[in-house]
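> Have a look at this one before I ask anything.
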Amino acid sequence: MKKGINAWSFAPGTSPEEVLRLSHSAGFQGAELVLGETGKLSLESSPQELVSLRGRAEELGIEIHSLATMLQLQYNMVSDNPVVRQKALDATKVQIETAKVLGAETALVVPGYVGVDFIPDAETVRYDRAYDRALEAFSELAPFAEAAGIRIGVENVWNRFLTTPREMRGFLDEVDSHYVGSYFDIGNALGTGFPEQWIEILGHRIVKVHVKDYRTNPGGLSSFVDLLSGDVNFPEVLRALTDVGFNDYCSAEVTPYRWHPEQSVYNASASMDRIFGWNQN
């Protein structure tokens, strides 16, 4: 397994170049960058800017292994509004193309939502319609991703959709493409189940992993905590990942500290070394 970190672990406004520099300094092998609608790394970025960013990663000796985005939460892929659905689909195709130019392997994609508690005024979509629309969307995205050589990782997020490991497995099997798998989030799974069970059930379908910790009491967004300070049973998670033969990136996604936010990056690196048994004498 390889050690990575997601750009959301850094203070807001941290440039992609600084994310790469700090990630390398903290001992991470790879970084997962984030695509925005506007800004330094966004739908507006030129090929020259992306090639320059990839070159910076190569200079540092760190891999851009994945590209995440919040755009599928901004534009719901399963919305009742067909215009919104098309925006989500178009943005995801740009995300895949951008990932390719950056030299990434994976694009993290949220499969739309039935409802989202942490987005004010988010629409509510009937579940069966959401499922059918998601299948249609990923059936279109799968060959697009295959042509680009990028694997889509469908993340389990708090979207009231694909909320159990068996349903996520069934959905991925219906899409039936090597280029559409699971981007499994350990901490997100603990809100409704047990991450080690998700891993066992999803098995070979997992393409990348997000490493978070979570306290089940009291629960909610404020219960995401520093690694090793929550209720995730990391020994069982490691056992399950080993049992299913997972050997790819596990990337920390932690909340940056209010003061000296870069320290959370170094702490996450040290905690992951302990969790996965890396760099220990």
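Residues in the structure tokens are named by chain (A, B, ... in the order shown) and by number from 1 within that chain; ligands are numbered from 1 in the order shown.
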Quick one: pick out all helix (DSSP H, G or I) residues within range 38-177 of chain A from a backbone DSSP run and write them as an MDAnalysis selection string.
chainID A and resid 47:60 71:74 82:102 127:148 165:175
> Could you write those residues out with C-alpha atoms, as an mmCIF file, in the first residue's frame?

data_model
loop_
_atom_site.group_PDB
_atom_site.id
_atom_site.type_symbol
_atom_site.label_atom_id
_atom_site.label_comp_id
_atom_site.auth_asym_id
_atom_site.auth_seq_id
_atom_site.Cartn_x
_atom_site.Cartn_y
_atom_site.Cartn_z
ATOM 1 C CA PRO A 47 -3.335 22.314 -20.744
ATOM 2 C CA GLN A 48 -0.117 24.298 -20.278
ATOM 3 C CA GLU A 49 -0.970 25.028 -16.631
ATOM 4 C CA LEU A 50 -1.754 21.379 -15.980
ATOM 5 C CA VAL A 51 1.475 20.197 -17.620
ATOM 6 C CA SER A 52 3.395 22.700 -15.482
ATOM 7 C CA LEU A 53 1.756 21.359 -12.320
ATOM 8 C CA ARG A 54 2.570 17.799 -13.321
ATOM 9 C CA GLY A 55 6.156 18.857 -13.917
ATOM 10 C CA ARG A 56 6.356 20.350 -10.439
ATOM 11 C CA ALA A 57 5.216 17.042 -8.936
ATOM 12 C CA GLU A 58 7.857 15.197 -10.923
ATOM 13 C CA GLU A 59 10.536 17.638 -9.743
ATOM 14 C CA LEU A 60 9.566 16.987 -6.133
ATOM 15 C CA LEU A 71 -18.597 19.618 -8.457
ATOM 16 C CA GLN A 72 -20.904 16.578 -8.364
ATOM 17 C CA LEU A 73 -22.322 17.928 -5.104
ATOM 18 C CA GLN A 74 -22.663 21.385 -6.604
ATOM 19 C CA PRO A 82 -31.877 17.588 -16.696
ATOM 20 C CA VAL A 83 -29.801 20.754 -17.156
ATOM 21 C CA VAL A 84 -28.125 20.174 -13.805
ATOM 22 C CA ARG A 85 -27.524 16.511 -14.636
ATOM 23 C CA GLN A 86 -25.818 17.490 -17.872
ATOM 24 C CA LYS A 87 -23.608 20.018 -16.070
ATOM 25 C CA ALA A 88 -22.513 17.283 -13.680
ATOM 26 C CA LEU A 89 -21.764 14.913 -16.529
ATOM 27 C CA ASP A 90 -19.822 17.539 -18.480
ATOM 28 C CA ALA A 91 -17.808 18.558 -15.398
ATOM 29 C CA THR A 92 -16.958 14.928 -14.681
ATOM 30 C CA LYS A 93 -15.662 14.444 -18.209
ATOM 31 C CA VAL A 94 -13.411 17.488 -17.773
ATOM 32 C CA GLN A 95 -12.279 16.037 -14.442
ATOM 33 C CA ILE A 96 -11.295 12.791 -16.171
ATOM 34 C CA GLU A 97 -9.461 14.634 -18.941
ATOM 35 C CA THR A 98 -7.680 16.813 -16.372
ATOM 36 C CA ALA A 99 -6.642 13.765 -14.365
ATOM 37 C CA LYS A 100 -5.082 12.298 -17.488
ATOM 38 C CA VAL A 101 -3.021 15.421 -18.216
ATOM 39 C CA LEU A 102 -1.858 15.544 -14.588
ATOM 40 C CA TYR A 127 -34.285 7.144 -4.557
ATOM 41 C CA ASP A 128 -35.335 4.874 -7.417
ATOM 42 C CA ARG A 129 -35.048 7.721 -9.920
ATOM 43 C CA ALA A 130 -31.625 8.620 -8.549
ATOM 44 C CA TYR A 131 -30.443 5.036 -8.964
ATOM 45 C CA ASP A 132 -31.613 4.770 -12.567
ATOM 46 C CA ARG A 133 -30.080 8.138 -13.471
ATOM 47 C CA ALA A 134 -26.778 7.233 -11.832
ATOM 48 C CA LEU A 135 -26.626 3.986 -13.799
ATOM 49 C CA GLU A 136 -27.288 5.893 -17.001
ATOM 50 C CA ALA A 137 -24.601 8.471 -16.183
ATOM 51 C CA PHE A 138 -21.914 5.943 -15.316
ATOM 52 C CA SER A 139 -22.743 3.820 -18.339
ATOM 53 C CA GLU A 140 -21.813 6.901 -20.387
ATOM 54 C CA LEU A 141 -18.790 7.805 -18.252
ATOM 55 C CA ALA A 142 -17.259 4.309 -18.207
ATOM 56 C CA PRO A 143 -16.166 4.193 -21.879
ATOM 57 C CA PHE A 144 -15.046 7.826 -21.639
ATOM 58 C CA ALA A 145 -12.832 6.925 -18.670
ATOM 59 C CA GLU A 146 -11.549 3.825 -20.442
ATOM 60 C CA ALA A 147 -10.527 5.881 -23.465
ATOM 61 C CA ALA A 148 -8.606 8.236 -21.157
ATOM 62 C CA PRO A 165 -21.765 -2.066 1.003
ATOM 63 C CA ARG A 166 -24.040 -4.563 -0.716
ATOM 64 C CA GLU A 167 -25.830 -1.816 -2.620
ATOM 65 C CA MET A 168 -22.567 -0.147 -3.619
ATOM 66 C CA ARG A 169 -21.282 -3.527 -4.792
ATOM 67 C CA GLY A 170 -24.465 -4.167 -6.755
ATOM 68 C CA PHE A 171 -24.337 -0.756 -8.378
ATOM 69 C CA LEU A 172 -20.724 -1.195 -9.485
ATOM 70 C CA ASP A 173 -21.486 -4.658 -10.813
ATOM 71 C CA GLU A 174 -24.407 -3.289 -12.838
ATOM 72 C CA VAL A 175 -22.129 -0.659 -14.393
#
> Hey, what's within 8 Å of Val244 in chain A if we count only C-alpha atoms and toss same-chain stuff fewer than 3 positions away? As a list in words, please?
Ile199, Glu200, Gly203, His204, Ala240 and Leu241 of chain A
> Do you have, as a tab-separated table, the list of residues of range 202-275 of chain A lying at most 12 Å from range 19-38 of chain A, each with its nearest atom pair and that distance in Å to one decimal, counting only C-alpha atoms and ordered by chain then number?

residue	atom	partner	partner_atom	distance
A:Lys208	CA	A:Glu32	CA	10.6
A:Val209	CA	A:Glu32	CA	11.1
A:His210	CA	A:Glu32	CA	10.1
A:Asp248	CA	A:Gly30	CA	10.7
A:Tyr249	CA	A:Gly30	CA	7.8
A:Cys250	CA	A:Gly30	CA	9.4
A:Ser251	CA	A:Glu32	CA	7.7
A:Ala252	CA	A:Ala31	CA	9.4
A:Glu253	CA	A:Glu32	CA	9.6
A:Pro261	CA	A:Leu22	CA	11.1
A:Glu262	CA	A:Leu22	CA	7.7
A:Gln263	CA	A:Ala26	CA	9.3
A:Ser264	CA	A:Ala26	CA	10.0
A:Val265	CA	A:Ala26	CA	6.8
A:Tyr266	CA	A:Ala26	CA	5.2
A:Asn267	CA	A:Ala26	CA	8.7
A:Ala268	CA	A:Ala26	CA	8.9
A:Ser269	CA	A:Ala26	CA	6.4
A:Ala270	CA	A:Ala26	CA	8.6
A:Ser271	CA	A:Ala26	CA	11.6
A:Met272	CA	A:Phe28	CA	9.8
A:Asp273	CA	A:Gly27	CA	9.7
> Could you pull out the strand (DSSP E or B) residues of range 150-279 of chain A, going by DSSP on the backbone, and write them as a PyMOL selection string?
chain A and resi 151-155+180-185+206-211+213-214+224-225+249-252
